$ cat run07.csv   # CSV, C-alpha atoms
chain,number,residue,atom,x,y,z
A,19,MET,CA,139.3,87.3,97.2
A,20,LYS,CA,141.7,84.6,95.9
A,21,ALA,CA,139.4,81.9,97.2
A,22,VAL,CA,136.4,83.3,95.3
A,23,ALA,CA,138.4,83.7,92.0
A,24,SER,CA,139.8,80.2,92.4
A,25,VAL,CA,136.5,78.6,93.0
A,26,VAL,CA,134.7,80.4,90.1
A,27,LEU,CA,137.5,79.8,87.6
A,28,THR,CA,137.7,76.1,88.5
A,29,THR,CA,134.0,75.5,88.2
A,30,LEU,CA,133.9,77.5,84.9
A,31,ALA,CA,136.7,75.4,83.5
A,32,TYR,CA,135.1,72.2,84.7
A,33,ALA,CA,131.7,73.1,83.3
A,34,THR,CA,133.2,74.2,80.0
A,35,VAL,CA,135.2,71.1,79.5
A,36,ARG,CA,132.3,68.8,80.6
A,37,TYR,CA,129.5,70.5,78.6
A,38,ASN,CA,131.1,72.3,75.6
A,39,VAL,CA,134.1,70.0,74.9
A,40,PHE,CA,132.8,66.6,75.8
A,41,LYS,CA,129.0,66.8,75.7
A,42,GLY,CA,129.0,69.0,72.6
A,43,VAL,CA,126.9,71.9,73.9
A,44,PRO,CA,127.1,74.6,71.3
A,45,TRP,CA,129.6,77.4,72.3
A,46,ASP,CA,126.9,80.1,71.8
A,47,GLU,CA,125.2,78.6,74.9
A,48,TRP,CA,128.2,79.0,77.1
A,49,PRO,CA,127.2,82.5,78.5
A,50,THR,CA,123.9,81.1,79.8
A,51,TYR,CA,123.8,77.3,80.0
A,52,VAL,CA,127.4,76.6,81.1
A,53,VAL,CA,127.9,79.8,83.2
A,54,ASN,CA,124.6,79.0,85.0
A,55,LYS,CA,125.9,75.6,86.1
A,56,ALA,CA,129.3,77.0,87.2
A,57,ALA,CA,127.6,79.9,89.1
A,58,ALA,CA,125.4,77.5,91.0
A,59,LEU,CA,128.3,75.1,91.9
A,60,SER,CA,130.6,78.1,92.8
A,61,ALA,CA,128.0,79.5,95.2
A,62,LEU,CA,127.6,76.2,97.0
A,63,MET,CA,131.4,75.6,97.2
A,64,LEU,CA,131.9,79.1,98.6
A,65,MET,CA,129.3,78.5,101.3
A,66,THR,CA,131.0,75.2,102.1
A,67,VAL,CA,134.5,76.7,102.1
A,68,PHE,CA,133.3,79.3,104.5
A,69,LEU,CA,131.9,76.6,106.8
A,70,ILE,CA,135.0,74.5,106.7
A,71,ARG,CA,137.7,77.2,106.8
A,72,GLY,CA,136.3,80.6,107.3
A,73,ARG,CA,134.2,80.4,110.5
A,74,SER,CA,137.2,80.6,112.7
A,75,GLN,CA,138.5,83.7,110.9
A,76,THR,CA,137.2,87.2,111.2
A,77,GLY,CA,136.8,90.1,109.0
A,78,GLY,CA,136.8,90.2,105.2
A,79,LEU,CA,136.9,86.5,104.5
A,80,HIS,CA,133.4,86.2,106.0
A,81,LEU,CA,132.0,89.0,103.8
A,82,HIS,CA,133.8,88.0,100.6
A,83,LEU,CA,132.8,84.4,100.6
A,84,LEU,CA,129.2,84.8,101.6
A,85,ARG,CA,128.6,87.9,99.5
A,86,ALA,CA,130.1,86.2,96.5
A,87,ALA,CA,128.0,83.2,97.1
A,88,ALA,CA,124.8,85.4,97.4
A,89,TRP,CA,125.7,87.1,94.1
A,90,LEU,CA,126.3,83.8,92.4
A,91,ILE,CA,123.0,82.4,93.7
A,92,ALA,CA,121.2,85.5,92.2
A,93,LEU,CA,123.0,85.0,88.9
A,94,HIS,CA,122.0,81.3,88.9
A,95,VAL,CA,118.3,82.2,89.7
A,96,LEU,CA,118.1,84.7,86.9
A,97,LEU,CA,119.8,82.5,84.3
A,98,SER,CA,117.7,79.5,85.3
A,99,LEU,CA,114.5,81.5,84.9
A,100,ALA,CA,115.6,82.6,81.5
A,101,LEU,CA,116.5,79.1,80.4
A,102,LEU,CA,113.7,77.1,82.1
A,103,GLY,CA,111.6,75.5,79.4
A,104,PRO,CA,111.2,72.3,77.4
A,105,ALA,CA,113.5,73.5,74.7
A,106,THR,CA,116.5,73.7,77.0
A,107,TYR,CA,115.5,71.1,79.6
A,108,PRO,CA,113.1,68.5,77.9
A,109,LYS,CA,113.7,66.0,80.7
A,110,PHE,CA,112.3,68.5,83.3
A,111,PHE,CA,108.8,68.4,81.6
A,112,ASP,CA,106.1,65.8,81.2
A,113,ASP,CA,103.1,66.6,79.0
A,114,GLY,CA,104.0,70.3,79.3
A,115,LYS,CA,104.3,70.4,83.1
A,116,LEU,CA,107.2,70.2,85.4
A,117,THR,CA,107.9,66.7,86.7
A,118,VAL,CA,107.5,66.1,90.4
A,119,SER,CA,111.2,65.9,91.1
A,120,VAL,CA,111.8,69.1,89.2
A,121,ALA,CA,109.0,70.9,91.1
A,122,TRP,CA,110.5,69.8,94.4
A,123,SER,CA,114.0,70.9,93.2
A,124,LEU,CA,112.6,74.4,92.3
A,125,LEU,CA,111.0,74.7,95.7
A,126,LEU,CA,114.4,73.8,97.4
A,127,GLY,CA,116.2,76.2,95.1
A,128,ALA,CA,113.9,79.0,95.8
A,129,SER,CA,114.2,78.3,99.5
A,130,VAL,CA,118.0,78.5,99.2
A,131,ALA,CA,117.8,81.7,97.2
A,132,ALA,CA,115.5,83.3,99.8
A,133,GLY,CA,117.6,82.0,102.7
A,134,SER,CA,120.8,83.5,101.2
A,135,LEU,CA,119.2,86.9,101.3
A,136,LEU,CA,118.7,86.8,105.1
A,137,ARG,CA,121.5,88.5,106.9
A,138,PRO,CA,122.7,87.2,110.2
A,139,ARG,CA,122.5,89.6,113.1
A,140,ARG,CA,126.2,89.2,113.6
A,141,PRO,CA,129.0,87.5,111.5
A,142,VAL,CA,128.7,83.7,111.6
A,143,GLY,CA,131.5,82.5,113.8
A,144,GLN,CA,132.4,79.8,116.2
A,145,ALA,CA,130.1,81.2,118.9
A,146,ASP,CA,127.1,81.5,116.4
A,147,ARG,CA,126.2,77.8,116.1
A,148,GLY,CA,122.6,78.7,115.0
A,149,GLY,CA,123.9,80.8,112.1
A,150,ALA,CA,126.4,78.1,111.0
A,151,LEU,CA,123.7,75.4,111.2
A,152,ARG,CA,121.3,77.6,109.1
A,153,LEU,CA,124.1,78.0,106.5
A,154,GLY,CA,124.9,74.3,106.6
A,155,LEU,CA,121.2,73.5,106.0
A,156,LEU,CA,121.2,75.9,103.1
A,157,ALA,CA,124.2,74.2,101.7
A,158,PHE,CA,122.5,70.8,102.1
A,159,ALA,CA,119.3,72.1,100.5
A,160,ALA,CA,121.3,73.5,97.6
A,161,GLY,CA,122.9,70.1,97.1
A,162,SER,CA,119.6,68.4,97.3
A,163,HIS,CA,118.1,70.9,94.8
A,164,ALA,CA,120.8,69.7,92.3
A,165,ALA,CA,120.4,66.1,93.2
A,166,LEU,CA,116.7,66.1,92.4
A,167,LEU,CA,117.6,67.4,88.9
A,168,GLY,CA,120.3,64.9,88.1
A,169,PHE,CA,120.3,61.8,90.2
A,170,GLY,CA,119.0,59.7,87.4
A,171,GLY,CA,122.3,59.8,85.5
A,172,TRP,CA,124.6,59.2,88.5
A,173,THR,CA,124.7,55.4,88.1
A,174,THR,CA,125.9,55.4,84.5
A,175,PRO,CA,129.5,56.7,84.4
A,176,SER,CA,129.9,55.4,80.9
A,177,ALA,CA,127.3,58.1,79.8
A,178,TRP,CA,129.0,60.9,81.6
A,179,PRO,CA,130.6,63.3,79.1
A,180,GLY,CA,134.3,62.7,79.2
A,181,PHE,CA,133.7,60.5,82.2
A,182,LEU,CA,133.6,63.7,84.3
A,183,PHE,CA,131.4,63.6,87.3
A,184,PRO,CA,127.9,65.2,86.9
A,185,ILE,CA,127.8,68.7,88.4
A,186,THR,CA,124.6,67.7,90.3
A,187,LEU,CA,126.5,64.8,92.0
A,188,ILE,CA,129.4,67.1,92.9
A,189,ALA,CA,126.9,69.7,94.3
A,190,PHE,CA,125.2,67.0,96.4
A,191,ILE,CA,128.5,65.9,97.9
A,192,VAL,CA,129.5,69.5,98.6
A,193,GLY,CA,126.2,70.2,100.2
A,194,ILE,CA,126.6,67.2,102.5
A,195,ILE,CA,130.1,68.4,103.4
A,196,GLY,CA,128.7,71.8,104.2
A,197,LEU,CA,126.1,70.4,106.5
A,198,LEU,CA,128.7,68.2,108.3
A,199,ALA,CA,131.1,71.1,108.6
A,200,ALA,CA,128.3,73.2,110.2
A,201,ALA,CA,127.2,70.4,112.5
A,202,PHE,CA,130.6,69.3,113.6
A,203,PRO,CA,132.9,72.4,113.6
A,204,VAL,CA,136.6,72.0,114.1
A,205,SER,CA,137.8,74.4,116.8
A,206,THR,CA,141.1,75.1,115.2
A,207,ARG,CA,141.7,75.7,111.6
A,208,VAL,CA,145.0,75.7,109.7
$ encode --input "run07.csv" --output "structure tokens"
Amino acid sequence: MKAVASVVLTTLAYATVRYNVFKGVPWDEWPTYVVNKAAALSALMLMTVFLIRGRSQTGGLHLHLLRAAAWLIALHVLLSLALLGPATYPKFFDDGKLTVSVAWSLLLGASVAAGSLLRPRRPVGQADRGGALRLGLLAFAAGSHAALLGFGGWTTPSAWPGFLFPITLIAFIVGIIGLLAAAFPVSTRV
């Protein structure tokens, strides 16, 4: 449970500082706009932490990390649906329709959300390479979902609020780490 709380509090703090403090997003948008970003990144980080650290452990750690990630994904989906529109995300729309990259991003995001609802037949562990690879692919798809939304701003650090890395870039890197952790498991964990 400490891992879940640490990840959620860290991403909430990062998103708050990046968006409310440095970017100037109004504080009344914190419960939806900022929490949405933190929930998405938290879910992805928990999946990746599970793949890196939790697969060799048994019991509650499996359930807490993955259940928390599923709840955070659900929260992200619901908040995203409430916010999705040209008023909140004008860059996502062209002539009143979603841009191609946003449409692909939504398809990947919906796939991750649906995939997170599928329960493995048994807990994902070292012997369950298929389940771990499926989770690694979900992590990579989630990172790619974020990348399609924000890759355009990655090459201009001077435009990053407070010079803080874009959450979409962090998510993409975390998604790659999750896929690599699933594809190349370490047999003994500390």
$ closest_residue --input "run07.csv" --among "A:Leu59, A:Ala132, A:Ala87, A:Leu96" --to "A:Ile191" --atoms "all atoms listed in the file"
A:Leu59
$ residues_around --input "run07.csv" --residues "A:Ala56" --least-positions-apart "4" --cutoff "9 Å" --atoms "all atoms listed in the file" --output "JSON, numbers by chain"
{"A": [26, 27, 28, 29, 30, 31, 32, 33, 34, 52, 60, 61, 94, 185]}
$ closest_residue --input "run07.csv" --among "A:Ala189, A:Leu197, A:Val43, A:Val130" --to "A:Leu166" --atoms "only C-alpha atoms"
A:Ala189
$ atom_distance --input "run07.csv" --atom1 "atom CA of A:Leu126" --atom2 "atom CA of A:Ala58"
13.3 Å
$ closest_residue --input "run07.csv" --among "A:Val35, A:Ala177, A:Ala150, A:Leu155" --to "A:Val53" --atoms "only C-alpha atoms"
A:Val35
$ closest_residue --input "run07.csv" --among "A:Met19, A:Leu156, A:Leu182, A:Val120" --to "A:Pro108" --atoms "all atoms listed in the file"
A:Val120
$ atom_distance --input "run07.csv" --atom1 "atom CA of A:Val95" --atom2 "atom CA of A:Pro49"
14.3 Å
$ atom_distance --input "run07.csv" --atom1 "atom CA of A:Leu153" --atom2 "atom CA of A:Leu83"
12.3 Å
$ closest_residue --input "run07.csv" --among "A:Gly114, A:Ser134, A:Gly149, A:Gly161" --to "A:Leu84" --atoms "all atoms listed in the file"
A:Ser134
$ closest_residue --input "run07.csv" --among "A:Ala121, A:Ser24, A:Ile188, A:Phe158" --to "A:Lys55" --atoms "only C-alpha atoms"
A:Ile188
$ residues_near_point --input "run07.csv" --point "(130.3, 66.1, 80.4)" --cutoff "6 Å" --atoms "all atoms listed in the file" --output "VMD selection string"
chain A and resid 36 to 37 40 to 41 178 to 180 182
